[in-house]
Each structure stands twice: as structure tokens, then as C-alpha cells.
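Student: Take a look at protein10.cif, mmCIF, C-alpha atoms:
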```
data_entry
loop_
_atom_site.label_atom_id
_atom_site.label_comp_id
_atom_site.auth_asym_id
_atom_site.auth_seq_id
_atom_site.Cartn_x
_atom_site.Cartn_y
_atom_site.Cartn_z
CA ALA A 1358 263.42 157.32 150.55
CA VAL A 1359 263.61 158.19 154.24
CA PHE A 1360 266.80 160.18 153.78
CA CYS A 1361 265.26 162.04 150.82
CA GLU A 1362 262.21 163.00 152.92
CA LEU A 1363 264.48 164.30 155.70
CA ALA A 1364 266.52 166.23 153.16
CA MET A 1365 263.48 167.95 151.68
CA ALA A 1366 262.53 169.20 155.17
CA ALA A 1367 265.79 171.18 155.31
CA VAL A 1368 266.21 172.32 151.71
CA ALA A 1369 264.10 173.31 148.73
CA LEU A 1370 264.55 173.45 144.96
CA GLN A 1371 264.20 176.92 143.49
CA ASP A 1372 264.02 177.89 139.81
CA THR A 1373 266.02 180.95 138.73
CA SER A 1374 266.19 182.77 135.41
CA GLN A 1375 269.99 182.78 135.13
CA ARG A 1376 271.23 179.82 137.19
CA GLY A 1377 268.54 177.24 136.46
CA THR A 1378 267.30 175.14 139.37
CA ILE A 1379 269.26 175.70 142.58
CA LEU A 1380 269.10 174.18 146.06
CA VAL A 1381 268.38 176.60 148.95
CA SER A 1382 268.19 176.19 152.70
CA THR A 1383 264.80 176.37 154.42
CA GLN A 1384 266.30 176.78 157.90
CA ARG A 1385 269.38 178.19 159.58
CA PHE A 1386 272.47 176.03 160.05
CA GLU A 1387 275.61 176.59 162.09
CA VAL A 1388 279.10 175.35 161.26
CA GLY A 1389 279.23 171.57 161.58
CA ASP A 1390 275.47 171.02 161.31
CA VAL A 1391 274.30 168.23 159.01
CA VAL A 1392 272.27 170.01 156.33
CA PHE A 1393 270.94 166.83 154.73
CA GLU A 1394 271.95 163.34 153.61
CA GLU A 1395 270.69 160.96 150.96
CA ASP A 1396 271.30 157.62 149.23
CA ALA A 1397 272.47 157.40 145.63
CA LEU A 1398 269.92 156.84 142.87
CA PHE A 1399 272.46 154.45 141.37
CA ASP A 1400 276.09 153.42 141.73
CA SER A 1401 277.82 151.86 138.72
CA SER A 1402 280.85 150.65 140.68
CA PRO A 1403 282.10 147.37 139.14
CA SER A 1404 283.02 146.09 142.61
CA LEU A 1405 279.33 145.94 143.58
CA LYS A 1406 278.57 143.25 141.00
CA PRO A 1407 281.26 140.84 139.73
CA ASP A 1408 279.54 140.43 136.36
CA ARG A 1409 280.28 144.09 135.55
CA ALA A 1410 283.96 143.22 135.01
CA GLU A 1411 283.11 141.67 131.63
CA LEU A 1412 281.11 144.77 130.68
CA VAL A 1413 284.00 147.04 131.68
CA SER A 1414 286.47 144.95 129.68
CA GLU A 1415 284.27 145.16 126.56
CA LEU A 1416 283.84 148.93 126.96
CA PHE A 1417 287.62 149.34 127.14
CA ARG A 1418 287.91 147.39 123.90
CA LEU A 1419 285.41 149.75 122.25
CA SER A 1420 287.21 152.77 123.68
CA ARG A 1421 290.52 151.72 122.17
CA LYS A 1422 288.81 151.41 118.80
CA GLY A 1423 287.41 154.94 119.13
CA MET A 1424 283.82 153.68 119.28
CA LEU A 1425 282.55 155.41 122.43
CA GLY A 1426 281.76 158.77 120.88
CA GLY A 1427 284.15 160.80 123.02
CA PHE A 1428 282.62 159.67 126.33
CA SER A 1429 284.64 157.67 128.84
CA VAL A 1430 284.26 154.01 129.79
CA ALA A 1431 283.05 155.12 133.24
CA GLN A 1432 280.29 157.26 131.70
CA HIS A 1433 279.07 154.50 129.37
CA LEU A 1434 279.24 152.00 132.21
CA ALA A 1435 277.02 154.25 134.34
CA ALA A 1436 274.56 154.77 131.47
CA ILE A 1437 274.22 151.03 130.85
CA VAL A 1438 273.92 150.21 134.57
CA VAL A 1439 271.16 152.75 135.23
CA ALA A 1440 269.30 151.79 132.03
CA GLU A 1441 269.39 148.12 133.04
CA SER A 1442 268.01 148.90 136.50
CA LEU A 1443 265.08 151.12 135.47
CA SER A 1444 262.11 150.89 133.15
CA LEU A 1445 261.96 153.45 130.35
CA SER A 1446 259.28 155.46 132.20
CA ASP A 1447 261.31 155.45 135.43
CA LEU A 1448 264.44 156.42 133.53
CA ARG A 1449 262.61 159.46 132.15
CA SER A 1450 260.94 160.43 135.43
CA LYS A 1451 263.72 159.68 137.92
CA VAL A 1452 266.77 160.73 135.93
CA LEU A 1453 266.24 162.55 132.65
CA SER A 1454 263.34 164.80 133.70
CA LYS A 1455 265.18 166.03 136.78
CA TYR A 1456 268.41 167.07 135.12
CA HIS A 1457 267.97 169.44 132.21
CA ALA A 1458 270.83 168.87 129.81
CA PRO A 1459 269.17 168.74 126.36
CA PRO A 1460 271.52 167.07 123.89
CA THR A 1461 272.98 169.05 121.01
CA ALA A 1462 273.09 167.76 117.43
CA GLU A 1463 276.77 166.92 117.94
CA ALA A 1464 275.99 165.03 121.15
CA ILE A 1465 273.35 163.00 119.32
CA ARG A 1466 275.85 162.23 116.53
CA LEU A 1467 278.37 160.99 119.08
CA ALA A 1468 275.69 158.97 120.85
CA LYS A 1469 274.84 157.26 117.56
CA LEU A 1470 278.49 156.38 117.07
CA ALA A 1471 278.77 155.02 120.60
CA LEU A 1472 275.52 153.07 120.49
CA LYS A 1473 276.55 151.32 117.29
CA GLY A 1474 279.59 149.96 119.12
CA VAL A 1475 277.60 149.12 122.26
CA ALA A 1476 274.86 147.38 120.28
CA LYS A 1477 277.32 145.46 118.11
CA ALA A 1478 279.00 144.17 121.27
CA GLY A 1479 275.62 143.00 122.60
CA LEU A 1480 275.68 145.47 125.50
CA LEU A 1481 272.60 147.53 124.65
CA PRO A 1482 270.15 147.51 127.61
CA LYS A 1483 266.79 145.90 126.88
CA VAL A 1484 264.96 149.05 127.96
CA PHE A 1485 266.25 150.74 124.81
CA ALA A 1486 264.94 148.07 122.45
CA ALA A 1487 261.55 149.71 121.81
CA CYS A 1488 262.64 153.33 122.28
CA PRO A 1489 261.70 155.44 119.21
CA GLU A 1490 264.22 158.20 120.07
CA LEU A 1491 267.09 156.00 121.16
CA TRP A 1492 269.92 158.29 120.05
CA ARG A 1493 268.46 161.38 121.72
CA LEU A 1494 267.67 159.52 124.94
CA TYR A 1495 271.13 157.98 125.20
CA ALA A 1496 272.79 161.32 124.43
CA HIS A 1497 270.69 162.96 127.16
CA LEU A 1498 271.58 160.22 129.62
CA LEU A 1499 275.31 160.54 128.88
CA ALA A 1500 275.09 164.32 129.30
CA VAL A 1501 273.38 163.93 132.67
CA ILE A 1502 276.05 161.47 133.80
CA ALA A 1503 278.92 163.61 132.53
CA VAL A 1504 277.99 166.71 134.55
CA ASN A 1505 276.03 165.40 137.56
CA CYS A 1506 277.73 162.23 138.80
CA PHE A 1507 280.19 161.66 141.64
CA CYS A 1508 283.06 159.19 141.53
CA SER A 1509 282.49 156.02 143.57
CA SER A 1510 286.15 156.08 144.57
CA TYR A 1511 285.25 158.62 147.23
CA ALA A 1512 282.86 156.11 148.80
CA GLY A 1513 285.36 153.26 148.80
CA ALA A 1514 287.99 151.83 151.08
CA ASP A 1515 290.60 153.99 152.79
CA ASP A 1516 293.37 152.32 150.78
CA GLY A 1517 292.08 153.90 147.55
CA SER A 1518 291.25 150.53 146.02
CA GLU A 1519 287.87 151.63 144.64
CA ASP A 1520 287.18 151.26 140.95
CA MET A 1521 285.91 154.63 139.71
CA GLY A 1522 282.27 153.83 139.21
CA LEU A 1523 279.85 156.78 139.13
CA MET A 1524 276.95 157.75 141.41
CA LEU A 1525 273.97 160.04 140.90
CA PHE A 1526 272.02 161.70 143.71
CA ASP A 1527 268.54 163.19 143.64
CA LEU A 1528 269.41 166.49 145.37
CA THR A 1529 273.20 166.72 145.68
CA SER A 1530 273.71 166.25 141.95
CA ARG A 1531 271.70 169.42 141.34
CA MET A 1532 273.97 171.61 143.50
CA ASN A 1533 276.13 174.31 141.93
CA HIS A 1534 279.86 174.69 142.50
CA ALA A 1535 281.62 177.35 144.56
CA CYS A 1536 285.35 177.52 145.25
CA SER A 1537 284.55 178.46 148.87
CA PRO A 1538 281.41 176.35 149.37
CA ASN A 1539 279.10 176.64 152.36
CA VAL A 1540 278.59 172.87 152.42
CA ALA A 1541 281.12 170.01 152.43
CA GLN A 1542 280.21 166.52 151.23
CA SER A 1543 281.38 163.15 152.51
CA LEU A 1544 280.64 159.88 150.72
CA ASP A 1545 280.49 156.37 152.09
CA ARG A 1546 278.96 152.98 151.35
CA ASN A 1547 277.17 150.80 153.91
CA VAL A 1548 277.54 147.05 154.37
CA THR A 1549 274.74 146.35 151.89
CA GLY A 1550 276.53 148.30 149.16
CA VAL A 1551 274.28 151.39 149.22
CA SER A 1552 276.21 154.59 148.52
CA HIS A 1553 275.37 157.52 150.76
CA ILE A 1554 276.30 161.21 150.94
CA GLN A 1555 276.20 163.60 153.87
CA LEU A 1556 276.29 167.39 153.53
CA VAL A 1557 277.69 169.44 156.45
CA ALA A 1558 277.71 173.23 156.82
CA THR A 1559 281.19 174.78 156.59
CA ARG A 1560 279.91 178.17 157.77
CA ALA A 1561 276.66 179.68 159.04
CA ILE A 1562 273.82 179.32 156.52
CA ASP A 1563 270.67 181.45 156.64
CA VAL A 1564 267.17 180.63 155.38
CA GLY A 1565 267.08 181.17 151.61
CA ASP A 1566 270.84 180.88 151.07
CA GLU A 1567 271.88 178.82 148.06
CA LEU A 1568 273.72 175.65 149.03
CA ASN A 1569 276.99 175.06 147.17
CA ILE A 1570 279.55 172.29 147.12
CA SER A 1571 282.98 172.14 145.55
CA TYR A 1572 283.39 170.01 142.44
CA LEU A 1573 287.14 169.90 143.11
CA TYR A 1574 288.20 167.08 145.41
CA GLY A 1575 291.40 166.40 147.28
CA GLY A 1576 292.05 169.93 148.54
CA LYS A 1577 292.40 171.34 145.03
CA ASN A 1578 290.33 174.39 146.02
CA GLU A 1579 293.17 175.51 148.27
CA ARG A 1580 296.08 174.20 146.20
CA PHE A 1581 295.06 175.70 142.85
CA LEU A 1582 295.39 179.31 141.81
CA VAL A 1583 292.24 180.91 140.44
CA VAL A 1584 293.31 180.50 136.80
CA GLU A 1585 294.08 176.85 137.44
CA ARG A 1586 290.67 176.25 139.01
CA GLN A 1587 289.03 177.97 136.05
CA GLN A 1588 290.86 175.67 133.62
CA VAL A 1589 290.01 172.49 135.53
CA LEU A 1590 286.33 173.39 135.93
CA PHE A 1591 285.97 174.34 132.27
CA ARG A 1592 287.64 171.18 131.00
CA ALA A 1593 285.65 168.88 133.28
CA TRP A 1594 282.25 170.63 133.49
CA GLY A 1595 282.24 173.19 130.69
CA PHE A 1596 281.76 176.41 132.65
CA HIS A 1597 283.78 179.40 133.78
CA CYS A 1598 283.36 179.78 137.52
CA GLN A 1599 281.97 183.16 138.60
CA CYS A 1600 281.72 182.46 142.32
CA GLU A 1601 282.57 185.21 144.80
CA ARG A 1602 286.04 183.84 145.50
CA CYS A 1603 286.96 183.57 141.82
CA SER A 1604 285.66 187.07 141.09
CA GLU A 1605 287.78 188.54 143.90
CA GLU A 1606 290.93 186.58 143.00
CA LEU A 1607 290.63 187.31 139.27
CA ALA A 1608 290.31 191.02 140.02
CA ALA A 1609 293.37 190.87 142.29
CA ALA A 1610 295.38 188.85 139.73
CA LYS A 1611 294.97 191.33 136.85
CA GLY A 1612 298.36 192.28 135.50
CA LYS A 1613 300.14 189.65 137.57
CA ALA A 1614 301.90 186.55 136.30
CA VAL A 1615 300.22 183.25 137.08
CA VAL A 1616 301.71 179.77 137.30
CA ALA A 1617 300.11 177.23 134.97
CA CYS A 1618 298.99 173.99 136.56
CA THR A 1619 300.51 170.69 135.54
CA VAL A 1620 299.15 168.31 132.94
CA GLU A 1621 298.28 165.85 135.70
CA ASP A 1622 296.31 168.46 137.66
CA LEU A 1623 294.33 169.37 134.56
CA GLY A 1624 293.45 165.76 133.96
CA ALA A 1625 294.81 165.74 130.41
CA GLU A 1626 295.59 162.04 130.63
CA ASP A 1627 292.96 159.80 129.05
CA PRO A 1628 290.58 158.87 131.90
CA ASP A 1629 289.94 155.48 130.32
CA GLU A 1630 293.64 154.64 130.47
CA VAL A 1631 293.80 155.69 134.13
CA MET A 1632 290.80 153.56 135.03
CA TYR A 1633 292.10 150.63 132.94
CA ARG A 1634 295.43 150.57 134.80
CA GLN A 1635 293.70 150.80 138.19
CA LEU A 1636 291.44 147.85 137.44
CA LEU A 1637 294.33 145.77 136.13
CA GLU A 1638 296.27 146.46 139.34
CA GLN A 1639 293.24 145.38 141.40
CA GLY A 1640 292.91 142.15 139.42
CA VAL A 1641 289.37 142.92 138.29
CA PHE A 1642 290.27 141.48 134.89
CA GLU A 1643 293.37 140.40 133.02
CA GLU A 1644 295.00 142.30 130.20
#
```
Any chance you could put this one into C-alpha cells?
Tutor:
Amino acid sequence: AVFCELAMAAVALQDTSQRGTILVSTQRFEVGDVVFEEDALFDSSPSLKPDRAELVSELFRLSRKGMLGGFSVAQHLAAIVVAESLSLSDLRSKVLSKYHAPPTAEAIRLAKLALKGVAKAGLLPKVFAACPELWRLYAHLLAVIAVNCFCSSYAGADDGSEDMGLMLFDLTSRMNHACSPNVAQSLDRNVTGVSHIQLVATRAIDVGDELNISYLYGGKNERFLVVERQQVLFRAWGFHCQCERCSEELAAAKGKAVVACTVEDLGAEDPDEVMYRQLLEQGVFEE
């Protein structure tokens, strides 16, 4: 709560007609200045609670039977964890009302399919028991998680042994992407298990400037060609990037041959299988 109050003193939410709600600076920042920092609203990392290993194992079983409606184990894990930690009213006010991703008819159909498997396995959070619009609410929650969450692996140990849980932040999760962002994020987790993010200016920021982060981790902004970045962003977040850098590079690339990125870079491998192997290697559960 303290970090959120400090953050709101430096930034403000602004509604726009074409870009939805954006985050803008309310003061000037120089390179290296901390713009704001905040704690996660939730972190679904299995390592934080040992009893989540059984939940993860059951979700993998449902995934292999095709019963998760096209969403990953990590996304369902996050949905169940946040639903178990909040009342229905808090879930609506703290998560769903802040992130506008109204579910489509297809999303609701997939949510129904997934919830049947989750409920049959006895994993349905109690908060959903008396919900009259269960399918719509769960579809909305999964949509929020799919486009707004950060991977817990970036808040884990230096040896990469984290378990790919997901985190949601009040302000940072609202920020738009840019391939040359004016803010860089760093994630960590304190000794009590609270996940935290810090946003630092990568160049001078004036009052009223929109604050952007990169959705591409691990130096991919610099390593990928513009067409490759466009493919990755569309596959993962469903949009074609129109940032200043992409616009300039696309204009310069017209008529030129481009090198396609690899299958691994595009993330074509099933994310559930990747996460499953990582957890097996860490001994979280046995095959």
C-alpha cells in the first residue's frame, strides 16, 4: 500500500480514445531515476506454498487431456490462486474492474470447457460457488491474466530455478509496450515472499509523457529484427506493435529480405510442456 501511494505521486492514469487507459508521468525524470515501485497484487508461484504442487500436478493432467480450454497451466494456476485469496467483491474491484478485457463468446465457451475440468477435479475456488455468471467471470479473469501478468521467474533466484508462476501489479500491468521503452523494470522477491517491481527511467521523461515498458525480456528487443518482434508480440499478446521504433524500422525494411526468427524464439513450443519439465527437474513433483 505504501509503495502504491508513492507510485501515484509520480504517475497518473489517463484515459485515451484510441489507446485505452495509459500511465503518464506527473514529474520530470532523468536517466537512472526510479519512476515508481510497487508490490504485486498476487504471485501464483508454486514455490511460495508447497501445497500448490498438487494443484499444479492436477492442472497438468487436465492440460494433457485437452481440458483447459486453450489456456496454459500457469494461467489457470494464477486464476485459481487469486480467486482463493480474494472475496468475490474484491476480485471484481481489485482485479477485473481495473483491467478491461471483456470476454468474447469464444472465450466464454473455452472457459466453460476449462471450468468443467477444474470443477470435476475438485479445484474450483469456493468464491465461485455462488457466482451467477461463473463462466463469464472466469473467462474475464483468464483474459486479464493472459495479457497483464509477469512471469515470477524474473523475481526468482539467480540460478534460474524459479517455477514460472505469474504476478499481477496494480500500475505496471496497465503499461503499454514499446520496443525502445522509456522505463526498464526489475523484479525481485523479499524474504517474506512478497514480489516487488521497480521502474527506472532509461532516458529523460517529461511531465505528461506516456510511460512504456518492453514486454520482451532477455534482450530480445535488441536481438530481434522488427518483423520478428512483430510476430512474437502478436502471438503472445495479440497486437501489432506500432511504436516509433517499429514504424521507422518497418519503413526502412520495405523491399528488403528479412530473416525469420526460430521456432524457439517465437515460443511455438507448448508452454505447459516447458513448465512441466522445469518443475520435474526441480523436484517439485514426480512424474
Student: On this structure, which residues satisfy the PyMOL selection byres ((chain A and resi 1388) around 10), written as a list in words?
Tutor: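 With the PyMOL selection byres ((chain A and resi 1388) around 10) on this model, the match is Phe1386, Glu1387, Gly1389, Asp1390, Val1391, Val1392, Asn1539, Val1540, Val1557, Ala1558, Thr1559, Arg1560, Ala1561 and Ile1562 of chain A.
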Student: Keeping only C-alpha atoms, write those residues as a compact mmCIF listing (two decimals), keeping the file's coordinate frame.
Tutor:
```
# COMPACT_ATOMS: atom_id res chain seq x y z
CA PHE A 1386 272.47 176.03 160.05
CA GLU A 1387 275.61 176.59 162.09
CA GLY A 1389 279.23 171.57 161.58
CA ASP A 1390 275.47 171.02 161.31
CA VAL A 1391 274.30 168.23 159.01
CA VAL A 1392 272.27 170.01 156.33
CA ASN A 1539 279.10 176.64 152.36
CA VAL A 1540 278.59 172.87 152.42
CA VAL A 1557 277.69 169.44 156.45
CA ALA A 1558 277.71 173.23 156.82
CA THR A 1559 281.19 174.78 156.59
CA ARG A 1560 279.91 178.17 157.77
CA ALA A 1561 276.66 179.68 159.04
CA ILE A 1562 273.82 179.32 156.52
```
Student: Return as lines of an AutoDock Vina configuration file the centre and edge lengths, in Å with one decimal, of the box along x, y and z that encloses every atom of region 1433-1450 of chain A in the file, padded by 8 Å per side.
Tutor:
```
center_x = 269.3
center_y = 154.3
center_z = 132.9
size_x = 36.0
size_y = 28.3
size_z = 23.1
```
Student: Written as a PyMOL selection string, which residues does the PyMOL selection byres ((chain A and resi 1466-1476) around 12) give for the file shown?
Tutor: chain A and resi 1412-1413+1415-1430+1432-1434+1436-1437+1460-1465+1477-1483+1485-1486+1490-1500
Student: For the provided coordinates, the residues matched by the PyMOL selection byres ((chain A and resi 1548-1550) around 12) should be stated as a list in words.
Tutor: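 This file, filtered by the PyMOL selection byres ((chain A and resi 1548-1550) around 12), leaves Asp1396, Ala1397, Phe1399, Asp1400, Ser1401, Ser1402, Pro1403, Ser1404, Leu1405, Lys1406, Ser1509, Ala1512, Gly1513, Ala1514, Asp1545, Arg1546, Asn1547, Val1551, Ser1552 and His1553 of chain A.
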Student: Of the residues A:Ala1440, A:Ala1410, A:Ile1379, A:Val1501, which is the one nearest to Ser1454 (chain A), using only C-alpha atoms?
Tutor: A:Val1501
Student: What is the CA of His1534 (chain A) to CA of Leu1370 (chain A) distance in Å?
Tutor: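 About the pair CA of His1534 (chain A) and CA of Leu1370 (chain A): they are 15.6 Å apart.
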Student: Please indicate the distance in Å from CA of Trp1594 (chain A) to CA of Ser1450 (chain A), rounded to one decimal place.
Tutor: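 About the pair CA of Trp1594 (chain A) and CA of Ser1450 (chain A): they are 23.7 Å apart.
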Student: Residues near Leu1607 (chain A), anyone? I mean within 8 Å using all atoms listed in the file, not counting same-chain ones fewer than 3 positions away, as a list of chain:residue names.
Tutor: A:Val1583, A:Val1584, A:Cys1603, A:Ser1604, A:Ala1610, A:Lys1611
Student: May I ask which of the residues A:Val1381, A:Asn1569, A:Val1368, A:Met1524 is the closest one to Pro1538 (chain A), counting all atoms listed in the file?
Tutor: A:Asn1569
Student: Env of Ile1554 (chain A): 6 Å cut, atoms = only C-alpha atoms, seq-sep filter 5 positions within chain, self excluded. Answer as a PyMOL selection string.
Tutor: chain A and resi 1394-1395+1543-1544
Student: For Leu1453 (chain A), which of A:Arg1385, A:Glu1441, A:Ala1609, A:Leu1525 is the closest residue, counting only C-alpha atoms?
Tutor: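 Checking each candidate against Leu1453 (chain A), we get A:Leu1525 as the closest.
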Student: Suppose you want the space between CA of Ala1366 (chain A) and CA of Cys1536 (chain A); what is it in Å?
Tutor: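 Separating CA of Ala1366 (chain A) from CA of Cys1536 (chain A) is a distance of 26.2 Å.
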Student: Considering only C-alpha atoms, can you say which of A:Ser1382, A:Gln1542, A:Asn1505, A:Ser1446 comes closest to Glu1567 (chain A)?
Tutor: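 Looking only at the distances to Glu1567 (chain A), the closest residue turns out to be A:Ser1382.
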